[in-house]
$ cat model_8.csv   # CSV, C-alpha atoms
chain,number,residue,atom,x,y,z
A,1,MET,CA,-63.0,106.6,161.7
A,2,LEU,CA,-61.1,103.4,160.6
A,3,ASP,CA,-61.1,102.7,156.9
A,4,THR,CA,-62.4,99.2,156.7
A,5,ASN,CA,-60.9,98.7,153.2
A,6,VAL,CA,-57.4,99.4,154.4
A,7,ALA,CA,-57.8,97.1,157.4
A,8,ARG,CA,-59.0,94.3,155.1
A,9,GLN,CA,-56.0,94.9,152.8
A,10,ASP,CA,-53.5,94.7,155.7
A,11,ASN,CA,-55.1,91.4,156.8
A,12,ARG,CA,-54.8,89.9,153.3
A,13,GLU,CA,-51.1,90.9,153.0
A,14,GLU,CA,-50.3,89.3,156.4
A,15,GLY,CA,-52.0,86.1,155.4
A,16,GLN,CA,-50.1,86.0,152.1
A,17,VAL,CA,-46.7,86.4,154.0
A,18,ILE,CA,-47.6,83.6,156.3
A,19,VAL,CA,-48.5,81.3,153.4
A,20,LEU,CA,-45.3,82.3,151.5
A,21,PHE,CA,-43.1,81.8,154.6
A,22,ALA,CA,-44.7,78.3,155.0
A,23,LEU,CA,-44.0,77.4,151.4
A,24,LEU,CA,-40.5,78.7,151.6
A,25,SER,CA,-39.8,76.9,154.8
A,26,PHE,CA,-41.0,73.7,153.2
A,27,VAL,CA,-38.6,74.3,150.3
A,28,MET,CA,-35.7,75.1,152.5
A,29,ILE,CA,-36.3,72.0,154.7
A,30,GLY,CA,-36.4,69.9,151.5
A,31,ALA,CA,-33.3,71.5,150.2
A,32,LEU,CA,-31.5,70.8,153.4
A,33,ALA,CA,-32.7,67.2,153.5
A,34,LEU,CA,-31.6,66.7,149.9
A,35,ALA,CA,-28.2,68.3,150.7
A,36,LEU,CA,-27.8,65.9,153.6
A,37,ASP,CA,-28.4,62.9,151.4
A,38,VAL,CA,-26.3,64.2,148.5
A,39,GLY,CA,-23.4,65.1,150.9
A,40,TYR,CA,-23.5,61.6,152.4
A,41,LEU,CA,-23.6,60.1,148.9
A,42,LEU,CA,-20.5,62.0,147.9
A,43,SER,CA,-18.7,61.0,151.1
A,44,GLU,CA,-19.5,57.4,150.3
A,45,ARG,CA,-18.2,57.9,146.8
A,46,ARG,CA,-14.9,59.0,148.1
A,47,ALA,CA,-14.7,56.1,150.5
A,48,ALA,CA,-15.6,53.7,147.7
A,49,GLN,CA,-12.8,55.1,145.5
A,50,ASN,CA,-10.3,54.8,148.3
A,51,ALA,CA,-11.3,51.2,148.8
A,52,ALA,CA,-11.2,50.4,145.1
A,53,ASP,CA,-7.7,51.9,144.9
A,54,ALA,CA,-6.5,49.9,147.8
A,55,ALA,CA,-8.0,46.7,146.4
A,56,ALA,CA,-6.5,47.2,143.0
A,57,LEU,CA,-3.0,47.8,144.5
A,58,ALA,CA,-3.3,44.8,146.7
A,59,GLY,CA,-4.4,42.6,143.9
A,60,GLY,CA,-1.6,44.0,141.7
A,61,VAL,CA,1.0,43.2,144.4
A,62,SER,CA,-0.3,39.6,144.6
A,63,LEU,CA,0.0,39.3,140.8
A,64,LEU,CA,3.5,40.8,140.8
A,65,ASN,CA,4.4,38.2,143.4
A,66,GLY,CA,3.3,35.4,141.1
A,67,GLU,CA,0.1,34.4,142.8
A,68,ASP,CA,-2.6,32.7,140.7
A,69,HIS,CA,-5.9,34.2,139.7
A,70,GLY,CA,-7.8,33.1,142.8
A,71,GLY,CA,-5.1,34.5,145.1
A,72,VAL,CA,-5.1,37.9,143.3
A,73,VAL,CA,-8.9,38.1,143.6
A,74,ALA,CA,-8.9,37.1,147.2
A,75,SER,CA,-6.3,39.7,148.1
A,76,ALA,CA,-8.2,42.5,146.3
A,77,ILE,CA,-11.5,41.6,148.1
A,78,SER,CA,-9.7,41.4,151.4
A,79,TYR,CA,-8.3,44.9,151.1
A,80,ALA,CA,-11.6,46.2,149.9
A,81,SER,CA,-13.2,44.8,153.1
A,82,ALA,CA,-10.4,46.2,155.3
A,83,ASN,CA,-11.1,49.6,153.8
A,84,GLY,CA,-14.8,49.7,154.9
A,85,ILE,CA,-16.6,47.8,152.1
A,86,THR,CA,-19.2,45.4,153.5
A,87,ILE,CA,-18.9,42.1,151.6
A,88,VAL,CA,-21.7,40.1,153.2
A,89,GLY,CA,-25.1,40.9,154.8
A,90,ASP,CA,-28.2,42.8,153.8
A,91,ASP,CA,-26.3,45.9,152.8
A,92,ALA,CA,-23.5,44.1,151.0
A,93,SER,CA,-21.5,45.8,148.3
A,94,VAL,CA,-20.5,44.3,145.0
A,95,VAL,CA,-16.8,44.0,144.4
A,96,GLU,CA,-15.8,42.9,140.9
A,97,VAL,CA,-12.2,42.0,140.2
A,98,ASP,CA,-10.8,41.4,136.7
A,99,VAL,CA,-7.3,40.0,136.4
A,100,GLN,CA,-5.3,40.0,133.1
A,101,GLY,CA,-1.8,39.1,132.1
A,102,THR,CA,1.2,37.8,134.1
A,103,ASN,CA,3.5,39.1,136.8
A,104,ARG,CA,5.5,40.9,134.0
A,105,ASP,CA,2.7,42.6,132.1
A,106,GLY,CA,-0.6,42.2,134.1
A,107,ARG,CA,-3.3,44.5,135.3
A,108,VAL,CA,-5.9,44.2,138.0
A,109,GLU,CA,-9.2,46.1,137.6
A,110,VAL,CA,-11.5,46.5,140.6
A,111,GLU,CA,-15.0,48.0,140.5
A,112,VAL,CA,-16.9,48.6,143.7
A,113,THR,CA,-20.6,49.2,143.9
A,114,VAL,CA,-21.9,50.4,147.4
A,115,PRO,CA,-25.5,50.9,148.4
A,116,VAL,CA,-25.9,54.2,150.3
A,117,GLN,CA,-28.2,54.8,153.2
A,118,ARG,CA,-31.1,57.2,152.5
A,119,PHE,CA,-32.2,59.8,155.0
A,120,PHE,CA,-34.9,62.0,153.4
A,121,VAL,CA,-34.6,61.3,149.7
A,122,GLY,CA,-36.6,58.1,150.0
A,123,ALA,CA,-39.7,60.2,150.4
A,124,ILE,CA,-39.5,61.4,146.8
A,125,TYR,CA,-37.2,58.8,145.2
A,126,THR,CA,-37.5,55.0,145.4
A,127,GLY,CA,-34.9,53.9,142.8
A,128,ASP,CA,-31.3,52.8,143.2
A,129,TRP,CA,-29.3,55.0,145.6
A,130,GLN,CA,-25.7,53.8,145.4
A,131,VAL,CA,-22.2,54.8,144.3
A,132,SER,CA,-19.6,53.0,142.1
A,133,ALA,CA,-15.8,53.4,141.9
A,134,ARG,CA,-13.2,51.9,139.6
A,135,ALA,CA,-9.5,51.5,139.9
A,136,VAL,CA,-6.8,49.8,137.8
A,137,SER,CA,-3.3,48.8,138.8
A,138,GLU,CA,-0.8,47.8,136.1
A,139,ILE,CA,2.6,46.1,136.1
A,140,ASN,CA,5.2,47.7,133.8
A,141,ASP,CA,8.9,47.6,133.1
A,142,ASN,CA,9.4,51.2,132.3
A,143,ARG,CA,12.4,51.6,134.6
A,144,ASP,CA,15.9,50.1,134.3
A,145,GLY,CA,16.6,47.7,137.2
A,146,GLU,CA,20.3,48.8,137.3
A,147,TYR,CA,21.3,45.2,138.1
A,148,ALA,CA,25.1,45.0,138.4
A,149,LEU,CA,24.8,41.3,139.4
A,150,ILE,CA,22.3,38.8,137.9
A,151,ALA,CA,22.0,35.1,138.5
A,152,LEU,CA,19.8,33.7,135.8
A,153,GLU,CA,19.3,30.1,137.0
A,154,GLU,CA,18.3,28.3,140.2
A,155,PRO,CA,19.4,28.0,142.9
A,156,GLY,CA,20.6,31.5,142.3
A,157,ILE,CA,23.0,33.2,144.7
A,158,TYR,CA,24.5,31.6,147.7
A,159,VAL,CA,27.0,33.0,150.2
A,160,ASN,CA,28.9,31.3,153.0
A,161,GLY,CA,31.6,32.2,155.5
A,162,ASN,CA,33.1,35.6,156.1
A,163,MET,CA,32.8,36.7,152.5
A,164,THR,CA,31.5,40.1,151.3
A,165,ILE,CA,29.7,41.2,148.1
A,166,ASP,CA,29.6,44.9,147.6
A,167,VAL,CA,27.6,46.3,144.6
A,168,VAL,CA,28.4,50.0,144.2
A,169,GLY,CA,25.9,52.1,142.3
A,170,GLY,CA,23.6,49.3,141.4
A,171,SER,CA,21.4,46.3,142.5
A,172,ALA,CA,21.4,42.5,142.5
A,173,MET,CA,18.9,40.1,141.0
A,174,SER,CA,18.5,36.3,141.3
A,175,ASN,CA,16.1,34.2,139.3
A,176,GLY,CA,16.3,31.8,142.1
A,177,ASP,CA,17.0,32.5,145.8
A,178,VAL,CA,19.5,34.7,147.5
A,179,ALA,CA,20.5,32.4,150.3
A,180,ARG,CA,23.2,32.3,152.9
A,181,SER,CA,24.9,30.2,155.6
A,182,GLY,CA,26.4,31.7,158.7
A,183,GLY,CA,25.9,35.2,160.1
A,184,ALA,CA,29.3,36.8,159.4
A,185,ASN,CA,28.9,37.4,155.7
A,186,ALA,CA,28.0,40.8,154.2
A,187,PHE,CA,26.0,41.6,151.1
A,188,THR,CA,25.6,45.3,150.4
A,189,VAL,CA,24.1,47.2,147.5
A,190,ASP,CA,23.2,50.8,146.7
A,191,GLY,CA,19.8,49.7,145.3
A,192,THR,CA,17.8,46.5,145.9
A,193,ILE,CA,18.5,42.8,146.4
A,194,ASP,CA,15.7,41.1,144.4
A,195,ALA,CA,14.9,37.4,143.8
A,196,SER,CA,12.3,35.3,142.1
A,197,GLY,CA,12.5,33.1,145.2
A,198,SER,CA,13.3,34.2,148.7
A,199,VAL,CA,15.9,36.6,150.1
A,200,SER,CA,17.5,35.7,153.5
A,201,PRO,CA,19.5,38.7,154.7
A,202,ASN,CA,21.3,39.0,158.0
A,203,GLY,CA,22.2,42.1,160.0
A,204,ASN,CA,25.3,42.8,157.9
A,205,TRP,CA,23.3,43.0,154.7
A,206,GLU,CA,22.3,46.4,153.3
A,207,ALA,CA,19.9,47.3,150.6
A,208,PRO,CA,18.4,50.8,150.8
A,209,GLY,CA,15.8,49.9,148.2
A,210,GLY,CA,14.7,46.8,150.1
A,211,PHE,CA,15.1,43.0,150.0
A,212,ASN,CA,12.4,41.8,147.6
A,213,GLY,CA,11.4,38.2,147.1
A,214,ASN,CA,8.9,36.8,144.7
A,215,ARG,CA,9.9,39.2,142.0
A,216,PRO,CA,9.4,38.4,138.3
A,217,GLY,CA,12.5,36.8,136.8
A,218,VAL,CA,14.7,38.8,134.3
A,219,ASP,CA,16.2,37.7,131.0
A,220,ASN,CA,19.8,37.9,130.1
A,221,PRO,CA,20.3,41.5,129.1
A,222,PHE,CA,22.9,40.3,126.5
A,223,GLY,CA,20.9,37.4,125.3
A,224,GLY,CA,20.3,39.1,121.9
A,225,VAL,CA,23.9,39.8,121.2
A,226,VAL,CA,25.3,38.0,118.2
A,227,ALA,CA,28.1,35.6,119.2
A,228,PRO,CA,31.4,35.9,117.5
A,229,SER,CA,32.3,33.8,114.5
A,230,PRO,CA,35.8,32.4,114.0
A,231,VAL,CA,35.5,32.6,110.2
A,232,SER,CA,37.2,35.9,109.8
A,233,MET,CA,39.8,35.3,112.6
A,234,VAL,CA,43.3,34.0,112.3
A,235,ASP,CA,43.1,30.2,112.8
A,236,TRP,CA,46.2,29.5,114.8
A,237,ALA,CA,45.9,25.7,114.4
A,238,GLU,CA,46.1,26.2,110.6
A,239,GLU,CA,49.3,28.3,110.8
A,240,ASP,CA,52.3,26.2,109.9
A,241,ASP,CA,54.8,28.0,112.1
A,242,PHE,CA,52.5,28.5,115.1
A,243,GLU,CA,53.5,27.1,118.5
A,244,LEU,CA,51.3,27.5,121.5
A,245,PRO,CA,53.0,30.1,123.7
A,246,ASN,CA,55.1,28.7,126.6
A,247,CYS,CA,53.7,30.5,129.7
A,248,TRP,CA,55.1,27.9,132.0
A,249,ASN,CA,58.8,28.6,132.2
A,250,SER,CA,58.7,32.3,131.2
A,251,ASP,CA,56.5,35.2,130.4
A,252,CYS,CA,54.6,34.9,127.2
A,253,THR,CA,52.4,36.9,124.8
A,254,LEU,CA,49.2,35.7,123.1
A,255,GLN,CA,47.7,37.1,119.9
A,256,PRO,CA,44.0,37.5,119.1
A,257,GLY,CA,42.4,34.9,116.9
A,258,TYR,CA,40.9,31.4,116.8
A,259,TYR,CA,42.3,28.8,119.2
A,260,LYS,CA,40.9,25.5,118.0
A,261,ASP,CA,41.8,22.2,119.7
A,262,LEU,CA,45.2,23.4,121.0
A,263,GLY,CA,44.9,21.9,124.4
A,264,LYS,CA,45.7,23.8,127.6
A,265,ILE,CA,47.5,27.1,128.0
A,266,ARG,CA,49.2,26.7,131.4
A,267,ILE,CA,50.2,30.0,132.9
A,268,LYS,CA,52.8,29.9,135.6
A,269,ASN,CA,54.4,33.3,135.0
A,270,LYS,CA,52.8,36.3,133.1
A,271,ALA,CA,50.8,36.0,130.0
A,272,THR,CA,50.1,39.2,128.1
A,273,LEU,CA,47.1,39.3,125.7
A,274,GLU,CA,47.5,41.7,122.8
A,275,PRO,CA,44.3,43.8,122.0
A,276,GLY,CA,41.6,42.0,120.0
A,277,MET,CA,39.1,39.1,119.9
A,278,TYR,CA,40.0,35.7,121.3
A,279,TYR,CA,37.9,32.7,120.4
A,280,PHE,CA,38.7,29.5,122.5
A,281,ASP,CA,37.3,26.2,121.3
A,282,GLY,CA,38.9,23.0,122.6
A,283,THR,CA,41.6,25.3,124.2
A,284,SER,CA,41.6,26.2,127.8
A,285,ILE,CA,43.4,28.7,130.1
A,286,ASP,CA,44.7,27.5,133.4
A,287,LEU,CA,46.5,29.7,136.0
A,288,GLN,CA,48.7,27.5,138.0
A,289,ASN,CA,49.9,29.3,141.2
A,290,THR,CA,50.0,32.6,143.1
A,291,ASN,CA,52.7,34.0,140.8
A,292,SER,CA,50.6,33.4,137.7
A,293,ARG,CA,49.2,36.5,135.9
A,294,ILE,CA,47.1,37.1,132.8
A,295,GLU,CA,46.7,40.7,131.6
A,296,GLY,CA,45.4,42.5,128.6
A,297,ASP,CA,43.7,45.7,127.6
A,298,ASN,CA,40.9,46.0,124.9
A,299,VAL,CA,40.4,42.2,124.8
A,300,THR,CA,37.3,40.0,124.6
A,301,LEU,CA,37.7,36.3,125.6
A,302,TYR,CA,35.0,34.0,124.2
A,303,PHE,CA,34.8,30.4,125.3
A,304,ASP,CA,32.8,27.8,123.2
A,305,GLY,CA,33.1,24.2,122.3
A,306,PRO,CA,33.3,21.0,124.4
A,307,GLU,CA,32.7,21.8,128.1
A,308,HIS,CA,35.5,19.5,129.3
A,309,SER,CA,38.1,20.9,127.0
A,310,THR,CA,37.3,24.6,126.8
A,311,TYR,CA,37.4,26.6,130.1
A,312,PHE,CA,38.9,29.5,131.9
A,313,ALA,CA,40.2,28.5,135.3
A,314,PRO,CA,41.9,31.4,137.2
A,315,LYS,CA,42.3,29.2,140.3
A,316,ASN,CA,45.3,31.1,141.5
A,317,GLY,CA,47.3,34.2,140.6
A,318,GLU,CA,46.1,37.4,139.1
A,319,VAL,CA,43.7,38.4,136.4
A,320,ASN,CA,43.7,41.9,135.0
A,321,LEU,CA,41.6,42.4,131.8
A,322,THR,CA,39.8,45.3,130.3
A,323,ALA,CA,37.2,45.1,127.4
A,324,PRO,CA,37.2,47.1,124.2
A,325,THR,CA,34.7,49.9,124.3
A,326,THR,CA,33.8,49.4,120.6
A,327,THR,CA,32.7,46.1,119.0
A,328,PRO,CA,35.6,43.8,118.3
A,329,TYR,CA,33.7,41.9,115.6
A,330,THR,CA,30.8,42.4,113.1
A,331,GLY,CA,27.4,42.2,114.8
A,332,GLY,CA,28.8,42.3,118.3
A,333,ILE,CA,29.0,45.0,121.0
A,334,GLY,CA,31.8,46.5,123.0
A,335,ASN,CA,32.4,46.2,126.7
A,336,ILE,CA,32.3,42.4,127.0
A,337,VAL,CA,35.5,41.2,128.6
A,338,ILE,CA,34.8,37.5,129.3
A,339,TRP,CA,32.0,35.5,127.6
A,340,ILE,CA,31.6,31.8,128.6
A,341,ASP,CA,29.0,30.4,126.2
A,342,ASN,CA,29.5,26.6,126.8
A,343,CYS,CA,28.2,26.4,130.4
A,344,THR,CA,31.7,25.6,131.8
A,345,GLU,CA,32.1,26.2,135.5
A,346,PHE,CA,34.1,29.4,136.3
A,347,ASP,CA,36.2,28.6,139.4
A,348,SER,CA,38.2,31.4,141.0
A,349,GLN,CA,39.9,30.3,144.2
A,350,GLY,CA,43.0,30.4,146.2
A,351,ASN,CA,45.0,33.5,146.9
A,352,ASN,CA,44.3,35.4,143.7
A,353,GLU,CA,43.6,38.9,142.7
A,354,PHE,CA,40.8,39.5,140.2
A,355,TYR,CA,40.2,42.7,138.2
A,356,LEU,CA,37.9,43.0,135.2
A,357,GLU,CA,36.7,46.1,133.4
A,358,GLY,CA,33.6,45.3,131.3
A,359,VAL,CA,30.9,42.6,131.4
A,360,LEU,CA,31.5,39.1,132.6
A,361,ILE,CA,28.8,36.9,130.8
A,362,ALA,CA,28.5,33.3,131.8
A,363,PRO,CA,24.7,32.8,131.5
A,364,CYS,CA,24.5,29.1,132.1
A,365,SER,CA,27.7,28.6,134.2
A,366,ASN,CA,28.1,27.9,137.9
A,367,VAL,CA,30.5,30.6,139.1
A,368,TRP,CA,32.5,29.8,142.2
A,369,LEU,CA,34.5,32.4,144.2
A,370,HIS,CA,36.2,31.0,147.2
A,371,GLY,CA,39.4,30.8,149.2
A,372,ASN,CA,41.3,33.9,150.4
A,373,PRO,CA,41.7,36.3,147.5
A,374,ASP,CA,43.3,39.7,147.8
A,375,GLY,CA,40.3,41.2,145.9
A,376,GLU,CA,37.9,40.5,143.1
A,377,THR,CA,36.6,43.6,141.4
A,378,VAL,CA,34.5,44.1,138.3
A,379,TYR,CA,33.8,47.5,136.8
A,380,GLY,CA,30.7,46.8,134.8
A,381,GLN,CA,28.2,43.9,135.2
A,382,VAL,CA,28.2,40.2,136.1
A,383,VAL,CA,25.6,37.9,134.4
A,384,VAL,CA,26.0,34.3,135.5
A,385,GLY,CA,23.9,31.1,135.8
A,386,THR,CA,24.5,30.7,139.5
A,387,LEU,CA,26.9,32.3,141.9
A,388,ASP,CA,28.5,30.7,145.0
A,389,VAL,CA,30.8,32.8,147.1
A,390,ARG,CA,32.6,31.3,150.1
A,391,GLY,CA,35.6,31.7,152.4
A,392,THR,CA,36.9,35.2,152.8
A,393,SER,CA,36.2,36.2,149.2
A,394,ASP,CA,35.6,39.9,148.6
A,395,LEU,CA,33.6,40.6,145.4
A,396,VAL,CA,33.2,44.2,144.5
A,397,ILE,CA,31.1,45.1,141.4
A,398,ARG,CA,31.1,48.8,140.4
A,399,TYR,CA,28.1,49.2,138.3
A,400,MET,CA,28.4,50.5,134.7
A,401,ASP,CA,25.2,50.6,132.7
A,402,LEU,CA,26.2,48.4,129.8
A,403,GLY,CA,23.1,46.2,129.4
A,404,ASP,CA,19.7,47.4,130.5
A,405,THR,CA,17.5,45.1,132.6
A,406,PRO,CA,13.9,45.8,133.5
A,407,ARG,CA,12.5,46.3,137.0
A,408,TYR,CA,8.9,45.2,137.1
A,409,GLU,CA,6.9,47.6,139.2
A,410,LEU,CA,3.3,48.3,140.0
A,411,ALA,CA,1.5,51.5,139.4
A,412,LEU,CA,-2.1,52.7,139.9
A,413,VAL,CA,-3.0,53.9,136.4
A,414,GLU,CA,-6.8,54.6,136.7
$ encode --input "model_8.csv" --output "structure tokens"
Amino acid sequence: MLDTNVARQDNREEGQVIVLFALLSFVMIGALALALDVGYLLSERRAAQNAADAAALAGGVSLLNGEDHGGVVASAISYASANGITIVGDDASVVEVDVQGTNRDGRVEVEVTVPVQRFFVGAIYTGDWQVSARAVSEINDNRDGEYALIALEEPGIYVNGNMTIDVVGGSAMSNGDVARSGGANAFTVDGTIDASGSVSPNGNWEAPGGFNGNRPGVDNPFGGVVAPSPVSMVDWAEEDDFELPNCWNSDCTLQPGYYKDLGKIRIKNKATLEPGMYYFDGTSIDLQNTNSRIEGDNVTLYFDGPEHSTYFAPKNGEVNLTAPTTTPYTGGIGNIVIWIDNCTEFDSQGNNEFYLEGVLIAPCSNVWLHGNPDGETVYGQVVVGTLDVRGTSDLVIRYMDLGDTPRYELALVE
């Protein structure tokens, strides 16, 4: 006989299992639905972060290129839109852009808030369902620009004819343009050719690091160097038995010291400079012909005073000068070979040969290199106001890191 109590017990257990299964199924379906919404939310969060990163970098590039506040903001929003952020419409996202500083020290902060589509979570949650992402780009000058050639003033650097500029181991920078005329010239560097204005390369130009216009301008890396003083120097004008060396009819030798209002030193043969500091004020040096030569080791030539009566004009002949590696005067620095501080034009032309070891500083001078020289080589750095190279001139600058110059670069910092 069937035990009715056992039968009823079995029926109750079966009913409990069905109810439990139903409850567990409901929980599992809810969990799966929630997982779908949360997974989609996280995916949208990653997409929003990518868009914020792209927007911050784009805005930073615009700031680095000197665009105004409106241009920076527009660039950032445009890149956010290009990376999937809906800017207008019912499901529009909010893109906030904060711009601070200049193209030398600025930062661009972008925050993106994106509404996220609900699938199942709306049945149990009716509040905000969105993601936010933030990114910050920053301009810094943490890296040395390694500029072997710098033009500090407009119009900058101009090349013409069949000339060549070859920067070995470094880069070139112009606070104006880097312009050219004709297609035969060559301008090659081992780094970058940068300019605050535009760069106009041709097929013969080479810059592995790129041709970069609209860069922030740089300051004279030697602008803080104390200029020499003639006070402690031998004042040759005050020496009773001194006569300006005759470099016209024969070879001559010059001694370091203060050359004040002594006129023009005309060099037709060879002039040898003894080691030391030379201060020219109202006294000029003029190389006369292809046989002229001026040479000296461990020398610094400083030109000051009236522009029309104090200059260095190696128009012809040969120049061979090396700088002292230690400071030649109190408060100065070593490795400066020629310093033109009175904005006089520096004109090297004709059939000369030019060799300098050290820094050529002429921060407000127009420097002209033209004609058919045998070669013009600088081991060090060249810092000028403007540079104009024409004819078949061949300027080679072999970079030596004697004065640091910043390279302004953009980085994503947050």
$ residues_around --input "model_8.csv" --residues "Ser200 of chain A" --least-positions-apart "5" --cutoff "8 Å" --atoms "only C-alpha atoms" --output "list in words"
Val178, Ala179 and Arg180 of chain A
$ atom_distance --input "model_8.csv" --atom1 "atom CA of Ser284 of chain A" --atom2 "atom CA of Pro324 of chain A"
21.7 Å
$ residues_around --input "model_8.csv" --residues "Gly156 of chain A" --least-positions-apart "6" --cutoff "6 Å" --atoms "only C-alpha atoms" --output "NGL selection string"
:A and (174 or 176-177 or 386)
$ closest_atom_pairs --input "model_8.csv" --of "segment 91-179 of chain A" --to "segment 50-70 of chain A" --cutoff "9 Å" --atoms "all atoms listed in the file" --output "Markdown table"
| residue | atom | partner | partner_atom | distance |
| --- | --- | --- | --- | --- |
| A:Val95 | CA | A:Ala52 | CA | 8.5 |
| A:Val97 | CA | A:Ala56 | CA | 8.2 |
| A:Val99 | CA | A:His69 | CA | 6.8 |
| A:Gln100 | CA | A:His69 | CA | 8.8 |
| A:Gly101 | CA | A:Leu63 | CA | 8.9 |
| A:Thr102 | CA | A:Leu63 | CA | 7.0 |
| A:Asn103 | CA | A:Leu64 | CA | 4.3 |
| A:Arg104 | CA | A:Leu64 | CA | 7.1 |
| A:Asp105 | CA | A:Leu64 | CA | 8.9 |
| A:Gly106 | CA | A:Leu63 | CA | 7.3 |
| A:Arg107 | CA | A:Gly60 | CA | 6.6 |
| A:Val108 | CA | A:Gly60 | CA | 5.7 |
| A:Glu109 | CA | A:Ala56 | CA | 6.1 |
| A:Val110 | CA | A:Ala56 | CA | 5.6 |
| A:Glu111 | CA | A:Ala52 | CA | 6.4 |
| A:Val112 | CA | A:Ala52 | CA | 6.1 |
| A:Ala133 | CA | A:Ala52 | CA | 6.4 |
| A:Arg134 | CA | A:Ala52 | CA | 6.0 |
| A:Ala135 | CA | A:Asp53 | CA | 5.3 |
| A:Val136 | CA | A:Ala56 | CA | 5.8 |
| A:Ser137 | CA | A:Ala56 | CA | 5.5 |
| A:Glu138 | CA | A:Gly60 | CA | 6.8 |
| A:Ile139 | CA | A:Leu64 | CA | 7.1 |
$ closest_residue --input "model_8.csv" --among "A:Glu318, A:Gly217, A:Thr188, A:Ala151" --to "Asn366 of chain A" --atoms "all atoms listed in the file"
A:Ala151
$ residues_around --input "model_8.csv" --residues "Val199 of chain A" --least-positions-apart "4" --cutoff "12 Å" --atoms "only C-alpha atoms" --output "ChimeraX atom specification"
/A:155-159,172-180,187,192-195,205,207,210-215
$ atom_distance --input "model_8.csv" --atom1 "atom CA of Pro201 of chain A" --atom2 "atom CA of Ser181 of chain A"
10.1 Å
$ residues_around --input "model_8.csv" --residues "segment 360-365 of chain A" --least-positions-apart "5" --cutoff "7 Å" --atoms "all atoms listed in the file" --output "list of chain:residue names"
A:Leu152, A:Ile336, A:Val337, A:Ile338, A:Trp339, A:Ile340, A:Asp341, A:Cys343, A:Thr344, A:Glu345, A:Phe346, A:Gln381, A:Val382, A:Val383, A:Val384, A:Gly385, A:Thr386
